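Asks: Below is the structure I would like to discuss, written out as structure tokens.
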Amino acid sequence: MVLKKEEIISDLLTRGVADFIDPDGVFRRKLEQKIEGKYPKDIIIKFGIDPTRPDIHLGHAVVFRKLRQFQDIGCKVVFLIGDFTAQIGDPTGKSKARPEVSIAEVHENLNTYLTQVGKVLKLEENLYDWAPNSAWYISVTDYGQGTMAEKTGQWLEDRKRIINRDSHKRVWTVTLFNLMYTLRTITHARLIERDLFQDRLKAGEELYMHEMLYPVLQGVDSAMIYHIFGGCDLEIGGSDQKFNMLMGRDVMKHQPEPQEPQAVLTTKILAGTDGKEKMSKSLGNYISITDAPNDMYGKVMSIPDTSLVNYFELCTYTPAEEIKAIEAGLAAGKLHPKDTKMRLAREITAIYHGEKAAAGAEEAFSATFARGEVPPDLQAVAVSKESLLADILLREKLVKSKAEYRRLVEQGAIKNVQSGKRIDDPAHKITEAAVYRIGSNRFIKVEPQ
RNA sequence: GCGCAGGUGGUAGAGCGGUCAAUUACAACAGACUGUAAAUCUGUCGCCCAUUGGGCUACGGGGGUUCGAAUCCCUCCCUGCGCACCA
């Protein structure tokens, strides 16, 4: 499948994209040249991540898949790890006295990150790199003596060998002088125009200086990446990051040696499995990209029909044309939502676990829910003869308490799959090998010894 | 430091001496219905034992008043707001 240059670029810049800010089409032209093989440098795509241990879900993956698309045409992704800003940036009153994140932990968390993200991104040296922002902020902090400084220093040494450019010899650290130089080009009005700040002010809430500075620091990160990697052509993030990323443009323009400001791309929001809120861990409506195939498939199937198109656009590689056809088909009643959703679930599962596992998950799902059968991979549990079913379920953590078990029995939620009979006696004893189903998706296979 | 307002179950948020294991909403779970869902309807929703019923632990921590406290008092801790101190 050979796509035309225009099609590739169009897909890059519109699919799943909420905003793309590229005045005068500077970045777009770079892309065109890159595809034609005429762009001599790396195109650097910046992406900021938290130094905390991640659990990446499909919502985050939208951004990663976008990054991957850029890698596919030869752009280089740089992870900016906000290990320094994370320690000062959070709004006051939430979690104060943040612990220092050592570079060793940053490393470790980065690795956890990469093992997950590696399912989507390419991690070859020419297409990927990373940088902790403590590397250039340590000079204005009190971490000068700590492990972080030493280790970040090591990071810098490593970089010097890898990136053999002149530019990075100039600014390795941000000094208060540098920072003030930058700050005198940014106005109060520019900063407080941000919605978040406006809302706070209107609500009569406090707004602290460090919070106002945060966007500036994020901009400085861009400038530093420019120095170190010889460019910072585009920053990608969720739409909540739009303001911060735009600030990067201002900062870059006003460096002592003005830089070409980065373009900014924000991705659309992926709805959670409840179809109401955005996907987020704290709301519990997320699908982790490390979920087992069966879970992942099942969770996708549990999204409401109304989210189908949203998911196709943001979570699959299905061509835009086809998605349009699907949307039309669903609206006209020609496509069955269930079949469509099964296709979606299968495609998504295949991305993270491979085609084979996805097919397996589909079969397991059909068996369990559509045909009411037992999942094929159910493991048998050894129990002693005459055990109370209640005790076994409790032991296997299929019920939280005996009281819950009782309620389930009363409600007719537990049945013996072979005989099809409901368990109506709370004191039910296990006398022979059997499979029990509790509710719609809890199963246990028991074998009395 | 002083003053004010608060801290209740997964969350929000009632209750302000007994009828409180705690109204209600959301979430969750089960049943019915379906296309897996969603929506809708019904039921459940601290733990332990029991057939009706009983016991235990819970309303920030500790102590007290009372026959009896989530509810009153003391104290400590925490959060928000105002003021002061410092600068």
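Scheme for the structure tokens: letters A, B, ... for chains in order shown; per-chain residue numbers from 1; ligand numbers from 1 in order shown.
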Got a sec: who's within 7 Å of Tyr436 in chain A, counting only C-alpha atoms (C1' of nucleotides), leaving out chain neighbours fewer than 4 positions off, as number ranges by chain?
Replies: A: 414-417, 443-445
Asks: Go through chain B residue by residue and, counting only C-alpha atoms (C1' of nucleotides), keep those with an atom at most 7 Å from chain A; for each kept residue give the shortest atom pair and its distance in Å to one decimal, ordered by chain and increasing number, as a Markdown table.
Replies:
```
| residue | atom | partner | partner_atom | distance |
| --- | --- | --- | --- | --- |
| B:A30 | C1' | A:Gln411 | CA | 6.0 |
| B:G31 | C1' | A:Gln411 | CA | 6.5 |
| B:G35 | C1' | A:Lys338 | CA | 5.6 |
| B:U36 | C1' | A:Met301 | CA | 5.7 |
| B:A37 | C1' | A:Ser302 | CA | 5.0 |
| B:A38 | C1' | A:Pro304 | CA | 5.3 |
| B:U44 | C1' | A:Arg407 | CA | 7.0 |
```
Asks: Those same residues, written as a short mmCIF file (atom, residue, chain, number, x, y, z; two decimals), in the first residue's frame with N, CA and C atoms (P, O5', C5', C4', C3', O3' and C1' of nucleotides)?
Replies:
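Ended up saving to again_20.cif:
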```
data_model
loop_
_atom_site.label_atom_id
_atom_site.label_comp_id
_atom_site.auth_asym_id
_atom_site.auth_seq_id
_atom_site.Cartn_x
_atom_site.Cartn_y
_atom_site.Cartn_z
P A B 30 -22.18 -9.20 38.60
"O5'" A B 30 -23.59 -9.69 39.18
"C5'" A B 30 -23.65 -10.84 40.00
"C4'" A B 30 -25.07 -11.06 40.46
"C3'" A B 30 -26.09 -11.18 39.34
"O3'" A B 30 -26.12 -12.49 38.81
"C1'" A B 30 -26.89 -9.69 40.97
P G B 31 -26.65 -12.70 37.34
"O5'" G B 31 -28.21 -12.46 37.49
"C5'" G B 31 -29.01 -13.40 38.20
"C4'" G B 31 -30.44 -12.94 38.20
"C3'" G B 31 -31.04 -12.64 36.84
"O3'" G B 31 -31.46 -13.81 36.18
"C1'" G B 31 -31.57 -10.89 38.33
P G B 35 -30.88 -9.96 20.65
"O5'" G B 35 -29.43 -10.06 21.27
"C5'" G B 35 -28.40 -10.80 20.61
"C4'" G B 35 -27.20 -9.90 20.56
"C3'" G B 35 -26.80 -9.38 21.93
"O3'" G B 35 -25.68 -10.10 22.34
"C1'" G B 35 -26.81 -7.66 20.28
P U B 36 -25.71 -11.07 23.51
"O5'" U B 36 -24.67 -10.40 24.48
"C5'" U B 36 -23.52 -11.11 24.88
"C4'" U B 36 -22.44 -10.13 25.26
"C3'" U B 36 -22.86 -9.00 26.19
"O3'" U B 36 -23.03 -9.45 27.51
"C1'" U B 36 -21.36 -8.21 24.57
P A B 37 -23.79 -8.60 28.60
"O5'" A B 37 -23.39 -7.15 28.07
"C5'" A B 37 -23.54 -6.03 28.85
"C4'" A B 37 -22.80 -4.91 28.17
"C3'" A B 37 -23.33 -3.53 28.48
"O3'" A B 37 -22.83 -3.06 29.71
"C1'" A B 37 -22.99 -3.70 26.17
P A B 38 -23.83 -2.41 30.75
"O5'" A B 38 -24.37 -1.16 29.94
"C5'" A B 38 -23.51 -0.07 29.66
"C4'" A B 38 -24.23 0.91 28.77
"C3'" A B 38 -25.56 1.40 29.31
"O3'" A B 38 -25.38 2.47 30.22
"C1'" A B 38 -25.81 0.77 27.06
P U B 44 -33.31 -5.07 48.62
"O5'" U B 44 -31.80 -5.53 48.46
"C5'" U B 44 -31.39 -6.82 48.86
"C4'" U B 44 -29.94 -7.02 48.51
"C3'" U B 44 -28.97 -6.08 49.21
"O3'" U B 44 -28.67 -6.54 50.51
"C1'" U B 44 -28.43 -6.21 46.93
#
```
Asks: Mind the document's chain letters and residue numbers, and return as a list in words the residues of range 349-399 of chain A that DSSP labels strand (DSSP E or B).
Replies: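 Put together, the selection reads Ala380, Val381, Ala382, Val383 and Leu388 of chain A.
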Asks: Would you pick out the contacts of C20 in chain B at 9 Å or less, using only C-alpha atoms (C1' of nucleotides), so that residues sharing its chain but fewer than 2 positions from it are not included, and give the list as a list in words?
Replies: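 Residues meeting the cut-off are G15, A22 and A70 of chain B.
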Asks: Just the selected residues (C-alpha atoms (C1' of nucleotides)), exported as a tab-separated table (two decimals), in the first residue's frame, please.
Replies:
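After the write, again_9.tsv holds the following:
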```tsv
chain	number	residue	atom	x	y	z
B	15	G	C1'	-27.89	13.01	59.99
B	22	A	C1'	-26.34	5.29	59.24
B	70	A	C1'	-21.87	9.81	64.34
```
Asks: When you draw a straight line from CA of Ala434 in chain A to CA of Arg395 in chain A, how long is it in Å?
Replies: 16.9 Å
Asks: Could you check the closest approach to C29 in chain B for each of A:Gln449, A:Gly372, A:Lys400, A:Ala350 and tell me which residue wins, using only C-alpha atoms (C1' of nucleotides)?
Replies: A:Lys400
Asks: Residues at most 12 Å from Tyr39 in chain A, counting only C-alpha atoms (C1' of nucleotides), excluding those fewer than 3 positions away in the same chain, as a CSV table (one decimal) with N, CA and C atoms, in the first residue's frame?
Replies:
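The resulting file, around_18.csv, is reproduced below:
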```csv
chain,number,residue,atom,x,y,z
A,27,PHE,N,6.4,23.6,9.7
A,27,PHE,CA,6.6,22.2,10.0
A,27,PHE,C,6.1,21.3,8.9
A,28,ARG,N,5.0,21.7,8.3
A,28,ARG,CA,4.4,20.9,7.3
A,28,ARG,C,5.4,20.7,6.1
A,29,ARG,N,6.1,21.8,5.8
A,29,ARG,CA,7.1,21.8,4.7
A,29,ARG,C,8.3,20.9,5.1
A,30,LYS,N,8.6,20.9,6.4
A,30,LYS,CA,9.7,20.0,6.8
A,30,LYS,C,9.3,18.5,6.5
A,31,LEU,N,8.0,18.2,6.9
A,31,LEU,CA,7.5,16.9,6.7
A,31,LEU,C,7.6,16.5,5.2
A,32,GLU,N,7.2,17.4,4.4
A,32,GLU,CA,7.2,17.1,3.0
A,32,GLU,C,8.6,16.8,2.5
A,33,GLN,N,9.5,17.6,2.9
A,33,GLN,CA,10.9,17.4,2.5
A,33,GLN,C,11.5,16.1,3.1
A,34,LYS,N,11.1,15.8,4.3
A,34,LYS,CA,11.5,14.5,4.9
A,34,LYS,C,11.1,13.3,4.1
A,35,ILE,N,9.8,13.4,3.7
A,35,ILE,CA,9.3,12.2,3.0
A,35,ILE,C,10.0,12.1,1.6
A,36,GLU,N,10.3,13.2,1.1
A,36,GLU,CA,11.0,13.2,-0.2
A,36,GLU,C,12.5,12.9,-0.1
A,42,ASP,N,17.5,15.7,11.5
A,42,ASP,CA,16.5,14.9,12.1
A,42,ASP,C,15.3,15.9,12.4
A,43,ILE,N,14.1,15.4,12.2
A,43,ILE,CA,13.0,16.1,12.7
A,43,ILE,C,12.7,15.6,14.1
A,73,ILE,N,7.8,7.9,9.4
A,73,ILE,CA,8.4,8.6,8.2
A,73,ILE,C,9.8,9.2,8.6
A,74,GLY,N,10.3,8.7,9.7
A,74,GLY,CA,11.7,9.0,9.9
A,74,GLY,C,12.0,10.1,10.9
A,75,CYS,N,10.9,10.5,11.6
A,75,CYS,CA,11.1,11.6,12.7
A,75,CYS,C,11.7,10.9,13.9
```
Asks: What is the distance, in Å and to one decimal place, between CA of Ala433 in chain A and CA of Ala380 in chain A?
Replies: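 Interatomic distance, CA of Ala433 in chain A to CA of Ala380 in chain A: 9.1 Å.
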Asks: For a test of reading the model, state the distance in Å between CA of Val446 in chain A and CA of Leu398 in chain A, rounded to one decimal.
Replies: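 Separation between CA of Val446 in chain A and CA of Leu398 in chain A: 13.0 Å.
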Asks: Which residues are close to Val309 in chain A, i.e. within 8 Å by only C-alpha atoms (C1' of nucleotides), leaving aside same-chain residues fewer than 2 positions away? Reply as number ranges by chain.
Replies: A: 306-307, 311-313, 323, 326-327
Asks: Pick out the residues sitting within 10 Å of C72 in chain B, and hand them over as a list in words; count only C-alpha atoms (C1' of nucleotides), and ignore anything fewer than 6 positions along from it in its own chain.
Replies: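 In the requested format, the answer is C16, G17, U65 and U66 of chain B.
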Asks: Considering only C-alpha atoms (C1' of nucleotides), return as a PyMOL selection string whatever protein or nucleic-acid residues lie within 9 Å of range 55-63 of chain B, sequence-local ones (same chain, fewer than 6 positions apart) excluded.
Replies: chain B and resi 7-9+21-22+46-49+70+74-78
Asks: Kindly save the residues from that selection, with N, CA and C atoms (P, O5', C5', C4', C3', O3' and C1' of nucleotides) included, as an mmCIF file, in the first residue's frame.
Replies:
```cif
data_model
loop_
_atom_site.group_PDB
_atom_site.id
_atom_site.type_symbol
_atom_site.label_atom_id
_atom_site.label_comp_id
_atom_site.auth_asym_id
_atom_site.auth_seq_id
_atom_site.Cartn_x
_atom_site.Cartn_y
_atom_site.Cartn_z
ATOM 1 P P G B 7 -17.601 17.681 58.813
ATOM 2 O "O5'" G B 7 -16.514 17.307 57.715
ATOM 3 C "C5'" G B 7 -16.294 15.980 57.290
ATOM 4 C "C4'" G B 7 -14.830 15.642 57.444
ATOM 5 C "C3'" G B 7 -14.562 14.276 58.058
ATOM 6 O "O3'" G B 7 -14.138 13.364 57.053
ATOM 7 C "C1'" G B 7 -13.118 15.979 58.944
ATOM 8 P P U B 8 -15.110 12.835 55.966
ATOM 9 O "O5'" U B 8 -16.129 12.070 56.904
ATOM 10 C "C5'" U B 8 -15.716 10.889 57.605
ATOM 11 C "C4'" U B 8 -16.909 10.057 57.946
ATOM 12 C "C3'" U B 8 -17.575 9.342 56.774
ATOM 13 O "O3'" U B 8 -16.932 8.107 56.509
ATOM 14 C "C1'" U B 8 -19.224 10.419 58.078
ATOM 15 P P G B 9 -16.091 7.938 55.176
ATOM 16 O "O5'" G B 9 -16.682 6.605 54.526
ATOM 17 C "C5'" G B 9 -15.960 5.351 54.585
ATOM 18 C "C4'" G B 9 -16.936 4.228 54.368
ATOM 19 C "C3'" G B 9 -17.244 3.924 52.903
ATOM 20 O "O3'" G B 9 -16.628 2.694 52.519
ATOM 21 C "C1'" G B 9 -19.234 4.170 54.180
ATOM 22 P P A B 21 -28.577 0.677 64.604
ATOM 23 O "O5'" A B 21 -28.173 0.624 63.057
ATOM 24 C "C5'" A B 21 -26.884 0.304 62.684
ATOM 25 C "C4'" A B 21 -26.764 0.419 61.179
ATOM 26 C "C3'" A B 21 -27.181 -0.856 60.426
ATOM 27 O "O3'" A B 21 -27.970 -0.582 59.285
ATOM 28 C "C1'" A B 21 -24.897 -0.270 59.962
ATOM 29 P P A B 22 -29.080 0.318 59.115
ATOM 30 O "O5'" A B 22 -28.464 1.786 59.198
ATOM 31 C "C5'" A B 22 -28.031 2.466 58.057
ATOM 32 C "C4'" A B 22 -28.037 3.939 58.374
ATOM 33 C "C3'" A B 22 -27.517 4.814 57.231
ATOM 34 O "O3'" A B 22 -28.598 5.272 56.458
ATOM 35 C "C1'" A B 22 -26.344 5.289 59.245
ATOM 36 P P G B 46 -23.706 -3.104 53.484
ATOM 37 O "O5'" G B 46 -22.316 -3.455 54.216
ATOM 38 C "C5'" G B 46 -21.112 -3.173 53.553
ATOM 39 C "C4'" G B 46 -19.960 -3.406 54.505
ATOM 40 C "C3'" G B 46 -19.858 -4.845 55.002
ATOM 41 O "O3'" G B 46 -19.114 -5.625 54.092
ATOM 42 C "C1'" G B 46 -19.701 -3.350 56.837
ATOM 43 P P C B 47 -19.456 -7.126 53.889
ATOM 44 O "O5'" C B 47 -18.879 -7.790 55.220
ATOM 45 C "C5'" C B 47 -17.488 -7.903 55.403
ATOM 46 C "C4'" C B 47 -17.192 -8.416 56.798
ATOM 47 C "C3'" C B 47 -17.845 -9.745 57.143
ATOM 48 O "O3'" C B 47 -17.078 -10.832 56.642
ATOM 49 C "C1'" C B 47 -18.176 -8.231 58.920
ATOM 50 P P C B 48 -17.794 -12.188 56.349
ATOM 51 O "O5'" C B 48 -18.132 -12.730 57.819
ATOM 52 C "C5'" C B 48 -17.099 -13.245 58.647
ATOM 53 C "C4'" C B 48 -17.674 -13.682 59.975
ATOM 54 C "C3'" C B 48 -18.819 -14.680 59.901
ATOM 55 O "O3'" C B 48 -18.351 -15.995 59.678
ATOM 56 C "C1'" C B 48 -19.368 -12.999 61.458
ATOM 57 P P C B 49 -19.310 -16.973 58.918
ATOM 58 O "O5'" C B 49 -20.439 -17.290 59.999
ATOM 59 C "C5'" C B 49 -20.169 -18.220 61.045
ATOM 60 C "C4'" C B 49 -21.305 -18.228 62.040
ATOM 61 C "C3'" C B 49 -22.662 -18.682 61.540
ATOM 62 O "O3'" C B 49 -22.763 -20.082 61.368
ATOM 63 C "C1'" C B 49 -22.937 -16.798 62.909
ATOM 64 P P A B 70 -22.071 6.216 68.107
ATOM 65 O "O5'" A B 70 -21.722 7.445 67.149
ATOM 66 C "C5'" A B 70 -20.410 7.611 66.655
ATOM 67 C "C4'" A B 70 -20.333 8.838 65.804
ATOM 68 C "C3'" A B 70 -20.880 10.093 66.475
ATOM 69 O "O3'" A B 70 -19.841 10.754 67.160
ATOM 70 C "C1'" A B 70 -21.872 9.814 64.339
ATOM 71 P P C B 74 -15.205 21.790 74.866
ATOM 72 O "O5'" C B 74 -14.025 20.890 75.441
ATOM 73 C "C5'" C B 74 -13.541 21.089 76.765
ATOM 74 C "C4'" C B 74 -12.479 20.063 77.079
ATOM 75 C "C3'" C B 74 -11.324 20.021 76.094
ATOM 76 O "O3'" C B 74 -10.376 21.039 76.362
ATOM 77 C "C1'" C B 74 -12.045 17.815 76.555
ATOM 78 P P U B 75 -9.568 21.695 75.171
ATOM 79 O "O5'" U B 75 -8.601 20.501 74.754
ATOM 80 C "C5'" U B 75 -7.556 20.083 75.627
ATOM 81 C "C4'" U B 75 -6.927 18.816 75.102
ATOM 82 C "C3'" U B 75 -6.382 18.915 73.689
ATOM 83 O "O3'" U B 75 -5.094 19.500 73.665
ATOM 84 C "C1'" U B 75 -7.676 16.942 73.889
ATOM 85 P P C B 76 -4.650 20.344 72.393
ATOM 86 O "O5'" C B 76 -4.181 19.170 71.423
ATOM 87 C "C5'" C B 76 -3.089 18.335 71.790
ATOM 88 C "C4'" C B 76 -3.040 17.119 70.899
ATOM 89 C "C3'" C B 76 -2.997 17.412 69.402
ATOM 90 O "O3'" C B 76 -1.691 17.747 68.967
ATOM 91 C "C1'" C B 76 -4.607 15.743 69.805
ATOM 92 P P C B 77 -1.543 18.738 67.748
ATOM 93 O "O5'" C B 77 -1.937 17.779 66.528
ATOM 94 C "C5'" C B 77 -1.144 16.641 66.213
ATOM 95 C "C4'" C B 77 -1.793 15.836 65.123
ATOM 96 C "C3'" C B 77 -2.150 16.617 63.866
ATOM 97 O "O3'" C B 77 -1.028 16.799 63.027
ATOM 98 C "C1'" C B 77 -3.996 15.306 64.485
ATOM 99 P P C B 78 -0.946 18.150 62.159
ATOM 100 O "O5'" C B 78 -2.026 17.892 61.019
ATOM 101 C "C5'" C B 78 -1.848 16.817 60.097
ATOM 102 C "C4'" C B 78 -3.108 16.646 59.286
ATOM 103 C "C3'" C B 78 -3.566 17.877 58.518
ATOM 104 O "O3'" C B 78 -2.843 18.063 57.320
ATOM 105 C "C1'" C B 78 -5.419 16.907 59.610
#
```
